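So this block is start.tsv, TSV, N, CA and C atoms:
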```tsv
chain	number	residue	atom	x	y	z
D	1	MET	N	1.62	-17.95	-1.54
D	1	MET	CA	2.63	-16.92	-1.34
D	1	MET	C	2.48	-16.35	0.07
D	2	ASN	N	3.59	-16.12	0.73
D	2	ASN	CA	3.56	-15.66	2.10
D	2	ASN	C	3.71	-14.16	2.24
D	3	LYS	N	4.12	-13.49	1.19
D	3	LYS	CA	4.41	-12.08	1.30
D	3	LYS	C	3.15	-11.27	1.57
D	4	LYS	N	3.24	-10.44	2.60
D	4	LYS	CA	2.09	-9.66	3.02
D	4	LYS	C	2.17	-8.25	2.44
D	5	THR	N	1.04	-7.78	1.94
D	5	THR	CA	0.95	-6.45	1.36
D	5	THR	C	0.03	-5.59	2.22
D	6	LEU	N	0.46	-4.35	2.46
D	6	LEU	CA	-0.38	-3.37	3.12
D	6	LEU	C	-0.92	-2.42	2.07
D	7	VAL	N	-2.24	-2.31	1.98
D	7	VAL	CA	-2.89	-1.34	1.10
D	7	VAL	C	-3.14	-0.11	1.97
D	8	LEU	N	-2.38	0.95	1.72
D	8	LEU	CA	-2.49	2.18	2.51
D	8	LEU	C	-3.28	3.21	1.72
D	9	GLY	N	-4.43	3.57	2.28
D	9	GLY	CA	-5.37	4.43	1.57
D	9	GLY	C	-6.54	3.60	1.07
D	10	ALA	N	-6.77	2.48	1.75
D	10	ALA	CA	-7.85	1.55	1.36
D	10	ALA	C	-9.21	2.23	1.51
D	11	SER	N	-10.11	1.89	0.61
D	11	SER	CA	-11.45	2.48	0.61
D	11	SER	C	-12.53	1.39	0.61
D	12	LEU	N	-13.61	1.69	1.30
D	12	LEU	CA	-14.78	0.81	1.29
D	12	LEU	C	-15.58	0.96	0.00
D	13	LYS	N	-15.35	2.05	-0.73
D	13	LYS	CA	-16.09	2.32	-1.96
D	13	LYS	C	-15.66	1.35	-3.05
D	14	THR	N	-16.62	0.65	-3.60
D	14	THR	CA	-16.32	-0.42	-4.56
D	14	THR	C	-15.77	0.09	-5.89
D	15	ASN	N	-15.89	1.39	-6.16
D	15	ASN	CA	-15.39	1.93	-7.43
D	15	ASN	C	-13.98	2.51	-7.30
D	16	ARG	N	-13.33	2.31	-6.17
D	16	ARG	CA	-11.97	2.83	-5.94
D	16	ARG	C	-10.92	1.76	-6.26
D	17	TYR	N	-9.81	2.20	-6.83
D	17	TYR	CA	-8.75	1.26	-7.19
D	17	TYR	C	-8.20	0.54	-5.97
D	18	SER	N	-8.14	1.21	-4.83
D	18	SER	CA	-7.64	0.55	-3.63
D	18	SER	C	-8.54	-0.61	-3.22
D	19	ASN	N	-9.82	-0.49	-3.50
D	19	ASN	CA	-10.77	-1.57	-3.22
D	19	ASN	C	-10.54	-2.72	-4.20
D	20	PHE	N	-10.40	-2.38	-5.49
D	20	PHE	CA	-10.14	-3.41	-6.51
D	20	PHE	C	-8.88	-4.20	-6.18
D	21	VAL	N	-7.84	-3.49	-5.74
D	21	VAL	CA	-6.54	-4.15	-5.53
D	21	VAL	C	-6.60	-5.13	-4.37
D	22	ILE	N	-7.41	-4.86	-3.37
D	22	ILE	CA	-7.56	-5.83	-2.27
D	22	ILE	C	-8.09	-7.15	-2.83
D	23	HIS	N	-9.13	-7.07	-3.65
D	23	HIS	CA	-9.70	-8.28	-4.26
D	23	HIS	C	-8.65	-8.99	-5.13
D	24	LYS	N	-7.94	-8.22	-5.93
D	24	LYS	CA	-6.97	-8.79	-6.87
D	24	LYS	C	-5.80	-9.45	-6.12
D	25	LEU	N	-5.31	-8.83	-5.06
D	25	LEU	CA	-4.24	-9.42	-4.25
D	25	LEU	C	-4.70	-10.74	-3.65
D	26	LEU	N	-5.91	-10.77	-3.11
D	26	LEU	CA	-6.44	-11.99	-2.53
D	26	LEU	C	-6.58	-13.08	-3.59
D	27	ASN	N	-7.03	-12.69	-4.78
D	27	ASN	CA	-7.17	-13.66	-5.88
D	27	ASN	C	-5.83	-14.25	-6.30
D	28	HIS	N	-4.76	-13.52	-6.03
D	28	HIS	CA	-3.40	-14.00	-6.35
D	28	HIS	C	-2.74	-14.62	-5.11
D	29	ASP	N	-3.53	-14.89	-4.09
D	29	ASP	CA	-3.07	-15.57	-2.87
D	29	ASP	C	-2.07	-14.79	-2.03
D	30	TYR	N	-2.14	-13.47	-2.05
D	30	TYR	CA	-1.31	-12.66	-1.17
D	30	TYR	C	-2.07	-12.40	0.12
D	31	LYS	N	-1.33	-12.30	1.22
D	31	LYS	CA	-1.91	-11.88	2.49
D	31	LYS	C	-2.04	-10.36	2.41
D	32	VAL	N	-3.17	-9.83	2.91
D	32	VAL	CA	-3.44	-8.41	2.77
D	32	VAL	C	-3.83	-7.79	4.10
D	33	MET	N	-3.26	-6.64	4.37
D	33	MET	CA	-3.71	-5.78	5.46
D	33	MET	C	-4.12	-4.47	4.80
D	34	ALA	N	-5.00	-3.73	5.46
D	34	ALA	CA	-5.48	-2.49	4.86
D	34	ALA	C	-5.66	-1.41	5.93
D	35	VAL	N	-5.24	-0.19	5.57
D	35	VAL	CA	-5.43	0.97	6.43
D	35	VAL	C	-6.08	2.05	5.57
D	36	GLY	N	-7.13	2.65	6.10
D	36	GLY	CA	-7.83	3.70	5.38
D	36	GLY	C	-8.42	4.72	6.33
D	37	GLN	N	-9.16	5.64	5.76
D	37	GLN	CA	-9.78	6.71	6.55
D	37	GLN	C	-10.94	6.19	7.40
D	38	ARG	N	-11.65	5.21	6.88
D	38	ARG	CA	-12.81	4.65	7.57
D	38	ARG	C	-12.62	3.16	7.80
D	39	SER	N	-12.99	2.71	8.97
D	39	SER	CA	-12.88	1.27	9.25
D	39	SER	C	-14.03	0.53	8.58
D	40	GLY	N	-13.79	-0.73	8.33
D	40	GLY	CA	-14.80	-1.57	7.69
D	40	GLY	C	-14.14	-2.84	7.20
D	41	GLU	N	-14.76	-3.44	6.19
D	41	GLU	CA	-14.25	-4.70	5.67
D	41	GLU	C	-14.44	-4.76	4.16
D	42	VAL	N	-13.42	-5.25	3.49
D	42	VAL	CA	-13.48	-5.47	2.04
D	42	VAL	C	-13.00	-6.89	1.79
D	43	ALA	N	-13.83	-7.72	1.23
D	43	ALA	CA	-13.48	-9.10	0.86
D	43	ALA	C	-12.89	-9.87	2.04
D	44	GLY	N	-13.40	-9.60	3.22
D	44	GLY	CA	-12.92	-10.30	4.41
D	44	GLY	C	-11.68	-9.68	5.03
D	45	VAL	N	-11.17	-8.60	4.45
D	45	VAL	CA	-10.00	-7.90	4.99
D	45	VAL	C	-10.49	-6.70	5.79
D	46	GLU	N	-10.06	-6.65	7.04
D	46	GLU	CA	-10.44	-5.53	7.91
D	46	GLU	C	-9.66	-4.29	7.48
D	47	ILE	N	-10.37	-3.18	7.29
D	47	ILE	CA	-9.71	-1.91	7.05
D	47	ILE	C	-9.62	-1.21	8.40
D	48	LYS	N	-8.38	-0.95	8.81
D	48	LYS	CA	-8.12	-0.27	10.07
D	48	LYS	C	-7.90	1.20	9.79
D	49	THR	N	-8.02	2.02	10.82
D	49	THR	CA	-7.80	3.46	10.64
D	49	THR	C	-6.44	3.90	11.19
D	50	ASP	N	-5.63	2.94	11.65
D	50	ASP	CA	-4.29	3.25	12.12
D	50	ASP	C	-3.36	2.09	11.78
D	51	MET	N	-2.08	2.30	12.03
D	51	MET	CA	-1.11	1.26	11.68
D	51	MET	C	-0.64	0.47	12.90
D	52	ILE	N	-1.40	0.53	13.98
D	52	ILE	CA	-1.10	-0.26	15.16
D	52	ILE	C	-1.29	-1.74	14.78
D	53	ASP	N	-0.37	-2.57	15.20
D	53	ASP	CA	-0.38	-4.01	14.93
D	53	ASP	C	-0.08	-4.36	13.47
D	54	VAL	N	0.37	-3.41	12.68
D	54	VAL	CA	0.80	-3.71	11.31
D	54	VAL	C	2.27	-4.10	11.41
D	55	GLU	N	2.59	-5.30	10.93
D	55	GLU	CA	3.97	-5.78	10.99
D	55	GLU	C	4.21	-6.84	9.93
D	56	ASN	N	5.48	-7.16	9.72
D	56	ASN	CA	5.90	-8.17	8.75
D	56	ASN	C	5.34	-7.91	7.36
D	57	ILE	N	5.48	-6.69	6.90
D	57	ILE	CA	4.97	-6.28	5.60
D	57	ILE	C	6.09	-6.36	4.56
D	58	ASP	N	5.82	-7.03	3.47
D	58	ASP	CA	6.78	-7.09	2.36
D	58	ASP	C	6.63	-5.87	1.45
D	59	THR	N	5.39	-5.55	1.12
D	59	THR	CA	5.10	-4.48	0.16
D	59	THR	C	4.00	-3.57	0.71
D	60	ILE	N	4.21	-2.26	0.52
D	60	ILE	CA	3.15	-1.29	0.81
D	60	ILE	C	2.77	-0.69	-0.53
D	61	THR	N	1.48	-0.75	-0.84
D	61	THR	CA	0.99	-0.13	-2.07
D	61	THR	C	0.16	1.09	-1.66
D	62	LEU	N	0.57	2.26	-2.16
D	62	LEU	CA	-0.02	3.53	-1.73
D	62	LEU	C	-1.18	3.97	-2.61
D	63	TYR	N	-2.22	4.42	-1.93
D	63	TYR	CA	-3.37	5.05	-2.59
D	63	TYR	C	-3.71	6.34	-1.85
D	64	LEU	N	-2.66	7.10	-1.51
D	64	LEU	CA	-2.80	8.39	-0.84
D	64	LEU	C	-2.02	9.43	-1.63
D	65	ASN	N	-2.58	10.64	-1.75
D	65	ASN	CA	-1.83	11.68	-2.44
D	65	ASN	C	-0.63	12.09	-1.59
D	66	PRO	N	0.37	12.72	-2.18
D	66	PRO	CA	1.60	13.04	-1.46
D	66	PRO	C	1.38	13.80	-0.14
D	67	ARG	N	0.46	14.72	-0.11
D	67	ARG	CA	0.20	15.48	1.12
D	67	ARG	C	-0.27	14.56	2.24
D	68	ARG	N	-1.11	13.60	1.93
D	68	ARG	CA	-1.64	12.68	2.94
D	68	ARG	C	-0.63	11.60	3.32
D	69	GLN	N	0.38	11.40	2.49
D	69	GLN	CA	1.41	10.41	2.80
D	69	GLN	C	2.30	10.88	3.95
D	70	GLN	N	2.49	12.19	4.08
D	70	GLN	CA	3.46	12.74	5.03
D	70	GLN	C	3.28	12.21	6.45
D	71	GLN	N	2.05	12.07	6.90
D	71	GLN	CA	1.82	11.60	8.27
D	71	GLN	C	2.27	10.16	8.49
D	72	TYR	N	2.52	9.42	7.39
D	72	TYR	CA	2.91	8.02	7.49
D	72	TYR	C	4.39	7.77	7.23
D	73	TYR	N	5.15	8.79	6.86
D	73	TYR	CA	6.56	8.59	6.51
D	73	TYR	C	7.29	7.74	7.54
D	74	ASP	N	7.30	8.20	8.79
D	74	ASP	CA	8.07	7.51	9.83
D	74	ASP	C	7.57	6.10	10.09
D	75	GLN	N	6.25	5.94	10.07
D	75	GLN	CA	5.69	4.61	10.33
D	75	GLN	C	6.04	3.63	9.21
D	76	ILE	N	6.00	4.09	7.98
D	76	ILE	CA	6.33	3.23	6.84
D	76	ILE	C	7.80	2.83	6.90
D	77	ILE	N	8.67	3.80	7.14
D	77	ILE	CA	10.09	3.50	7.22
D	77	ILE	C	10.38	2.54	8.38
D	78	ALA	N	9.70	2.72	9.51
D	78	ALA	CA	9.90	1.85	10.67
D	78	ALA	C	9.46	0.41	10.39
D	79	LEU	N	8.48	0.23	9.50
D	79	LEU	CA	8.03	-1.12	9.15
D	79	LEU	C	9.08	-1.88	8.33
D	80	LYS	N	9.98	-1.15	7.69
D	80	LYS	CA	11.02	-1.75	6.86
D	80	LYS	C	10.48	-2.72	5.81
D	81	PRO	N	9.51	-2.27	5.02
D	81	PRO	CA	9.05	-3.16	3.94
D	81	PRO	C	10.15	-3.30	2.91
D	82	ASN	N	10.06	-4.33	2.08
D	82	ASN	CA	11.03	-4.48	0.99
D	82	ASN	C	10.82	-3.43	-0.08
D	83	ARG	N	9.56	-3.05	-0.29
D	83	ARG	CA	9.28	-2.03	-1.32
D	83	ARG	C	8.00	-1.28	-1.01
D	84	VAL	N	7.92	-0.09	-1.62
D	84	VAL	CA	6.71	0.73	-1.57
D	84	VAL	C	6.35	1.03	-3.02
D	85	ILE	N	5.10	0.72	-3.37
D	85	ILE	CA	4.61	0.99	-4.73
D	85	ILE	C	3.81	2.28	-4.71
D	86	PHE	N	4.21	3.21	-5.56
D	86	PHE	CA	3.50	4.47	-5.73
D	86	PHE	C	2.60	4.33	-6.95
D	87	ASN	N	1.32	4.17	-6.72
D	87	ASN	CA	0.35	4.03	-7.80
D	87	ASN	C	0.11	5.38	-8.46
D	88	PRO	N	-0.49	5.40	-9.66
D	88	PRO	CA	-0.74	6.68	-10.33
D	88	PRO	C	-1.47	7.67	-9.42
D	89	GLY	N	-0.93	8.89	-9.37
D	89	GLY	CA	-1.50	9.94	-8.53
D	89	GLY	C	-0.86	10.03	-7.16
D	90	THR	N	0.03	9.08	-6.83
D	90	THR	CA	0.68	9.10	-5.52
D	90	THR	C	2.16	9.45	-5.61
D	91	GLU	N	2.64	9.77	-6.78
D	91	GLU	CA	4.06	10.03	-7.00
D	91	GLU	C	4.54	11.11	-6.02
D	92	ASN	N	5.73	10.85	-5.41
D	92	ASN	CA	6.21	11.73	-4.35
D	92	ASN	C	7.74	11.66	-4.23
D	93	PRO	N	8.47	12.45	-5.05
D	93	PRO	CA	9.93	12.41	-5.04
D	93	PRO	C	10.54	12.64	-3.65
D	94	GLU	N	9.93	13.47	-2.83
D	94	GLU	CA	10.44	13.70	-1.48
D	94	GLU	C	10.47	12.39	-0.69
D	95	PHE	N	9.39	11.62	-0.79
D	95	PHE	CA	9.30	10.36	-0.05
D	95	PHE	C	10.21	9.30	-0.67
D	96	TYR	N	10.38	9.32	-2.01
D	96	TYR	CA	11.29	8.37	-2.66
D	96	TYR	C	12.67	8.46	-2.01
D	97	THR	N	13.14	9.69	-1.82
D	97	THR	CA	14.48	9.92	-1.26
D	97	THR	C	14.58	9.34	0.15
D	98	LEU	N	13.58	9.58	0.97
D	98	LEU	CA	13.59	9.06	2.34
D	98	LEU	C	13.60	7.54	2.36
D	99	LEU	N	12.80	6.95	1.49
D	99	LEU	CA	12.74	5.49	1.43
D	99	LEU	C	14.06	4.89	0.94
D	100	GLU	N	14.61	5.48	-0.09
D	100	GLU	CA	15.87	4.97	-0.64
D	100	GLU	C	16.99	5.07	0.39
D	101	LYS	N	17.02	6.15	1.19
D	101	LYS	CA	18.02	6.29	2.25
D	101	LYS	C	17.86	5.19	3.29
D	102	ALA	N	16.64	4.68	3.45
D	102	ALA	CA	16.35	3.61	4.41
D	102	ALA	C	16.47	2.22	3.75
D	103	ASP	N	17.02	2.18	2.54
D	103	ASP	CA	17.19	0.92	1.79
D	103	ASP	C	15.87	0.21	1.51
D	104	ILE	N	14.85	1.00	1.20
D	104	ILE	CA	13.54	0.47	0.83
D	104	ILE	C	13.34	0.76	-0.65
D	105	GLN	N	13.03	-0.27	-1.41
D	105	GLN	CA	12.84	-0.13	-2.86
D	105	GLN	C	11.61	0.72	-3.16
D	106	VAL	N	11.77	1.64	-4.09
D	106	VAL	CA	10.68	2.48	-4.56
D	106	VAL	C	10.27	1.99	-5.94
D	107	GLU	N	8.98	1.79	-6.13
D	107	GLU	CA	8.48	1.37	-7.43
D	107	GLU	C	7.31	2.28	-7.80
D	108	VAL	N	7.46	2.99	-8.91
D	108	VAL	CA	6.39	3.84	-9.41
D	108	VAL	C	5.68	3.03	-10.48
D	109	ALA	N	4.51	2.51	-10.11
D	109	ALA	CA	3.81	1.57	-10.98
D	109	ALA	C	2.36	1.47	-10.54
D	110	CYS	N	1.60	0.72	-11.28
D	110	CYS	CA	0.21	0.43	-10.94
D	110	CYS	C	0.12	-1.01	-10.44
D	111	THR	N	-0.26	-1.17	-9.19
D	111	THR	CA	-0.34	-2.51	-8.61
D	111	THR	C	-1.28	-3.41	-9.40
D	112	LEU	N	-2.38	-2.87	-9.86
D	112	LEU	CA	-3.33	-3.68	-10.64
D	112	LEU	C	-2.69	-4.20	-11.92
D	113	VAL	N	-1.91	-3.37	-12.58
D	113	VAL	CA	-1.23	-3.78	-13.81
D	113	VAL	C	-0.15	-4.82	-13.47
D	114	LEU	N	0.61	-4.58	-12.41
D	114	LEU	CA	1.65	-5.54	-12.02
D	114	LEU	C	1.05	-6.91	-11.75
D	115	LEU	N	-0.08	-6.95	-11.07
D	115	LEU	CA	-0.75	-8.23	-10.79
D	115	LEU	C	-1.28	-8.87	-12.06
D	116	SER	N	-1.87	-8.06	-12.93
D	116	SER	CA	-2.47	-8.59	-14.17
D	116	SER	C	-1.43	-9.14	-15.13
D	117	THR	N	-0.20	-8.63	-15.04
D	117	THR	CA	0.85	-9.06	-15.96
D	117	THR	C	1.88	-9.98	-15.27
D	118	ASN	N	1.53	-10.48	-14.10
D	118	ASN	CA	2.41	-11.37	-13.33
D	118	ASN	C	3.79	-10.77	-13.05
D	119	GLN	N	3.84	-9.47	-12.81
D	119	GLN	CA	5.09	-8.79	-12.48
D	119	GLN	C	5.13	-8.32	-11.04
D	120	TYR	N	4.12	-8.68	-10.26
D	120	TYR	CA	4.04	-8.21	-8.88
D	120	TYR	C	5.13	-8.84	-8.04
```
Could you quickly redo this structure as structure tokens?
Amino acid sequence: MNKKTLVLGASLKTNRYSNFVIHKLLNHDYKVMAVGQRSGEVAGVEIKTDMIDVENIDTITLYLNPRRQQQYYDQIIALKPNRVIFNPGTENPEFYTLLEKADIQVEVACTLVLLSTNQY
């Protein structure tokens, strides 16, 4: 599969869902980019601390609470992904509206569940 996913809110901590999802996406043969608070590496994927050089993204899966999402609104919209997945705890009606106005699909779901049930 060629579709690239950006994990926004990626964590180096192995007990975090954003960390699990990087592994799961790779296991399903998706290309993965990751942006988080701290730089590092998870399963061979570099976690960057900014969105410089992030491009050609099909899906952004969010692991940031609504308050922390605000700083990324413009950058996410500028990337023009096909969809943004709001995982549990990231629900943000204000951002849904902005994305929908930009013709970006909003999906309120759990990426791990979507992958596990072949609905990703």
Legend entry - Separation of atom C of D:Leu12 from atom CA of D:Arg38, in Å and rounded to one decimal: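 If I compute the distance from atom C of D:Leu12 to atom CA of D:Arg38, I get 8.9 Å.
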Name all residues at most 8 Å from D:Lys24 (count all atoms listed in the file; drop same-chain ones fewer than 4 positions away) and give them as a tab-separated table (two decimals) with N, CA and C atoms, in the frame of the given file.
```
chain	number	residue	atom	x	y	z
D	19	ASN	N	-9.82	-0.49	-3.50
D	19	ASN	CA	-10.77	-1.57	-3.22
D	19	ASN	C	-10.54	-2.72	-4.20
D	20	PHE	N	-10.40	-2.38	-5.49
D	20	PHE	CA	-10.14	-3.41	-6.51
D	20	PHE	C	-8.88	-4.20	-6.18
D	28	HIS	N	-4.76	-13.52	-6.03
D	28	HIS	CA	-3.40	-14.00	-6.35
D	28	HIS	C	-2.74	-14.62	-5.11
D	29	ASP	N	-3.53	-14.89	-4.09
D	29	ASP	CA	-3.07	-15.57	-2.87
D	29	ASP	C	-2.07	-14.79	-2.03
D	30	TYR	N	-2.14	-13.47	-2.05
D	30	TYR	CA	-1.31	-12.66	-1.17
D	30	TYR	C	-2.07	-12.40	0.12
D	112	LEU	N	-2.38	-2.87	-9.86
D	112	LEU	CA	-3.33	-3.68	-10.64
D	112	LEU	C	-2.69	-4.20	-11.92
D	115	LEU	N	-0.08	-6.95	-11.07
D	115	LEU	CA	-0.75	-8.23	-10.79
D	115	LEU	C	-1.28	-8.87	-12.06
D	116	SER	N	-1.87	-8.06	-12.93
D	116	SER	CA	-2.47	-8.59	-14.17
D	116	SER	C	-1.43	-9.14	-15.13
```
Inset, instruction - Show which residues sit within 7 Å of stretch 82-86 of chain D, as a PyMOL selection string. Count all atoms listed in the file, and ignore same-chain residues fewer than 5 positions away. - result: chain D and resi 57-63+91-92+103-111
Centre and size of axis-aligned box enclosing stretch 74-79 of chain D plus 8 Å each side, as AutoDock Vina command-line options:
```
--center_x 8.0 --center_y 3.2 --center_z 8.8 --size_x 20.7 --size_y 26.1 --size_z 19.8
```
Inset, instruction - In Å, rounded to a single decimal, give me how far atom C of D:Lys4 is from atom C of D:Lys31. - result: 4.7 Å
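Within 6.5 Å of D:Ala34, once all atoms listed in the file are used and residues closer than 6 positions along the same chain are dropped, the contacting residues are D:Thr5, D:Leu6, D:Val7, D:Leu8, D:Gly9, D:Ala10, D:Val45, D:Glu46, D:Ile47, D:Lys48, D:Thr49.
If you measure from each of D:Glu100, D:Asp50, D:Glu55, D:Glu94 to D:Leu79 using only C-alpha atoms, the closest one turns out to be D:Glu55.
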Legend entry - Gap from atom CA of D:Ile22 to atom CA of D:Pro66 - Å, one decimal: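 Interatomic distance here is 21.0 Å.
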Inset, instruction - Extract the full set of helix (DSSP H, G or I) residues from stretch 9-53 of chain D according to DSSP on the backbone, and format it as a list of chain:residue names. - result: D:Tyr17, D:Ser18, D:Asn19, D:Phe20, D:Val21, D:Ile22, D:His23, D:Lys24, D:Leu25, D:Leu26, D:Asn27
Starting from the incomplete input, reconstruct all heavy atoms of stretch 58-67 of chain D and write that as a PDB file, keeping the file's coordinate frame.
```pdb
ATOM      1  N   ASP D  58       5.820  -7.030   3.470  1.00  0.00           N
ATOM      2  CA  ASP D  58       6.780  -7.090   2.360  1.00  0.00           C
ATOM      3  C   ASP D  58       6.630  -5.870   1.450  1.00  0.00           C
ATOM      4  O   ASP D  58       7.612  -5.254   1.065  1.00  0.00           O
ATOM      5  CB  ASP D  58       6.561  -8.364   1.537  1.00  0.00           C
ATOM      6  CG  ASP D  58       7.504  -8.419   0.353  1.00  0.00           C
ATOM      7  OD1 ASP D  58       8.703  -8.675   0.574  1.00  0.00           O
ATOM      8  OD2 ASP D  58       7.050  -8.175  -0.784  1.00  0.00           O
ATOM      9  N   THR D  59       5.390  -5.550   1.120  1.00  0.00           N
ATOM     10  CA  THR D  59       5.100  -4.480   0.160  1.00  0.00           C
ATOM     11  C   THR D  59       4.000  -3.570   0.710  1.00  0.00           C
ATOM     12  O   THR D  59       3.012  -4.040   1.240  1.00  0.00           O
ATOM     13  CB  THR D  59       4.623  -5.062  -1.186  1.00  0.00           C
ATOM     14  OG1 THR D  59       5.654  -5.900  -1.719  1.00  0.00           O
ATOM     15  CG2 THR D  59       4.281  -3.976  -2.192  1.00  0.00           C
ATOM     16  N   ILE D  60       4.210  -2.260   0.520  1.00  0.00           N
ATOM     17  CA  ILE D  60       3.150  -1.290   0.810  1.00  0.00           C
ATOM     18  C   ILE D  60       2.770  -0.690  -0.530  1.00  0.00           C
ATOM     19  O   ILE D  60       3.615  -0.217  -1.279  1.00  0.00           O
ATOM     20  CB  ILE D  60       3.617  -0.184   1.773  1.00  0.00           C
ATOM     21  CG1 ILE D  60       3.973  -0.802   3.127  1.00  0.00           C
ATOM     22  CG2 ILE D  60       2.537   0.887   1.921  1.00  0.00           C
ATOM     23  CD1 ILE D  60       4.567   0.168   4.131  1.00  0.00           C
ATOM     24  N   THR D  61       1.480  -0.750  -0.840  1.00  0.00           N
ATOM     25  CA  THR D  61       0.990  -0.130  -2.070  1.00  0.00           C
ATOM     26  C   THR D  61       0.160   1.090  -1.660  1.00  0.00           C
ATOM     27  O   THR D  61      -0.784   0.975  -0.880  1.00  0.00           O
ATOM     28  CB  THR D  61       0.224  -1.138  -2.960  1.00  0.00           C
ATOM     29  OG1 THR D  61      -0.182  -0.487  -4.162  1.00  0.00           O
ATOM     30  CG2 THR D  61      -0.969  -1.757  -2.275  1.00  0.00           C
ATOM     31  N   LEU D  62       0.570   2.260  -2.160  1.00  0.00           N
ATOM     32  CA  LEU D  62      -0.020   3.530  -1.730  1.00  0.00           C
ATOM     33  C   LEU D  62      -1.180   3.970  -2.610  1.00  0.00           C
ATOM     34  O   LEU D  62      -1.076   3.968  -3.836  1.00  0.00           O
ATOM     35  CB  LEU D  62       1.042   4.622  -1.730  1.00  0.00           C
ATOM     36  CG  LEU D  62       2.134   4.542  -0.683  1.00  0.00           C
ATOM     37  CD1 LEU D  62       3.151   5.661  -0.904  1.00  0.00           C
ATOM     38  CD2 LEU D  62       1.562   4.630   0.722  1.00  0.00           C
ATOM     39  N   TYR D  63      -2.220   4.420  -1.930  1.00  0.00           N
ATOM     40  CA  TYR D  63      -3.370   5.050  -2.590  1.00  0.00           C
ATOM     41  C   TYR D  63      -3.710   6.340  -1.850  1.00  0.00           C
ATOM     42  O   TYR D  63      -4.865   6.630  -1.573  1.00  0.00           O
ATOM     43  CB  TYR D  63      -4.572   4.082  -2.604  1.00  0.00           C
ATOM     44  CG  TYR D  63      -4.329   2.926  -3.534  1.00  0.00           C
ATOM     45  CD1 TYR D  63      -3.744   1.760  -3.079  1.00  0.00           C
ATOM     46  CD2 TYR D  63      -4.620   3.038  -4.889  1.00  0.00           C
ATOM     47  CE1 TYR D  63      -3.485   0.704  -3.941  1.00  0.00           C
ATOM     48  CE2 TYR D  63      -4.360   1.993  -5.759  1.00  0.00           C
ATOM     49  CZ  TYR D  63      -3.790   0.839  -5.277  1.00  0.00           C
ATOM     50  OH  TYR D  63      -3.517  -0.197  -6.138  1.00  0.00           O
ATOM     51  N   LEU D  64      -2.660   7.100  -1.510  1.00  0.00           N
ATOM     52  CA  LEU D  64      -2.800   8.390  -0.840  1.00  0.00           C
ATOM     53  C   LEU D  64      -2.020   9.430  -1.630  1.00  0.00           C
ATOM     54  O   LEU D  64      -0.902   9.158  -2.080  1.00  0.00           O
ATOM     55  CB  LEU D  64      -2.188   8.350   0.570  1.00  0.00           C
ATOM     56  CG  LEU D  64      -2.796   7.428   1.596  1.00  0.00           C
ATOM     57  CD1 LEU D  64      -1.910   7.384   2.844  1.00  0.00           C
ATOM     58  CD2 LEU D  64      -4.198   7.876   1.960  1.00  0.00           C
ATOM     59  N   ASN D  65      -2.580  10.640  -1.750  1.00  0.00           N
ATOM     60  CA  ASN D  65      -1.830  11.680  -2.440  1.00  0.00           C
ATOM     61  C   ASN D  65      -0.630  12.090  -1.590  1.00  0.00           C
ATOM     62  O   ASN D  65      -0.579  11.792  -0.392  1.00  0.00           O
ATOM     63  CB  ASN D  65      -2.741  12.863  -2.812  1.00  0.00           C
ATOM     64  CG  ASN D  65      -3.205  13.663  -1.606  1.00  0.00           C
ATOM     65  OD1 ASN D  65      -2.415  14.007  -0.720  1.00  0.00           O
ATOM     66  ND2 ASN D  65      -4.489  13.970  -1.560  1.00  0.00           N
ATOM     67  N   PRO D  66       0.370  12.720  -2.180  1.00  0.00           N
ATOM     68  CA  PRO D  66       1.600  13.040  -1.460  1.00  0.00           C
ATOM     69  C   PRO D  66       1.380  13.800  -0.140  1.00  0.00           C
ATOM     70  O   PRO D  66       2.050  13.524   0.851  1.00  0.00           O
ATOM     71  CB  PRO D  66       2.397  13.888  -2.454  1.00  0.00           C
ATOM     72  CG  PRO D  66       1.956  13.366  -3.781  1.00  0.00           C
ATOM     73  CD  PRO D  66       0.484  13.081  -3.610  1.00  0.00           C
ATOM     74  N   ARG D  67       0.460  14.720  -0.110  1.00  0.00           N
ATOM     75  CA  ARG D  67       0.200  15.480   1.120  1.00  0.00           C
ATOM     76  C   ARG D  67      -0.270  14.560   2.240  1.00  0.00           C
ATOM     77  O   ARG D  67       0.147  14.686   3.386  1.00  0.00           O
ATOM     78  CB  ARG D  67      -0.844  16.571   0.843  1.00  0.00           C
ATOM     79  CG  ARG D  67      -1.158  17.454   2.037  1.00  0.00           C
ATOM     80  CD  ARG D  67      -2.230  18.504   1.725  1.00  0.00           C
ATOM     81  NE  ARG D  67      -3.426  17.963   1.095  1.00  0.00           N
ATOM     82  CZ  ARG D  67      -4.413  17.339   1.750  1.00  0.00           C
ATOM     83  NH1 ARG D  67      -4.347  17.139   3.037  1.00  0.00           N
ATOM     84  NH2 ARG D  67      -5.472  16.896   1.097  1.00  0.00           N
TER      85      ARG D  67
END
```
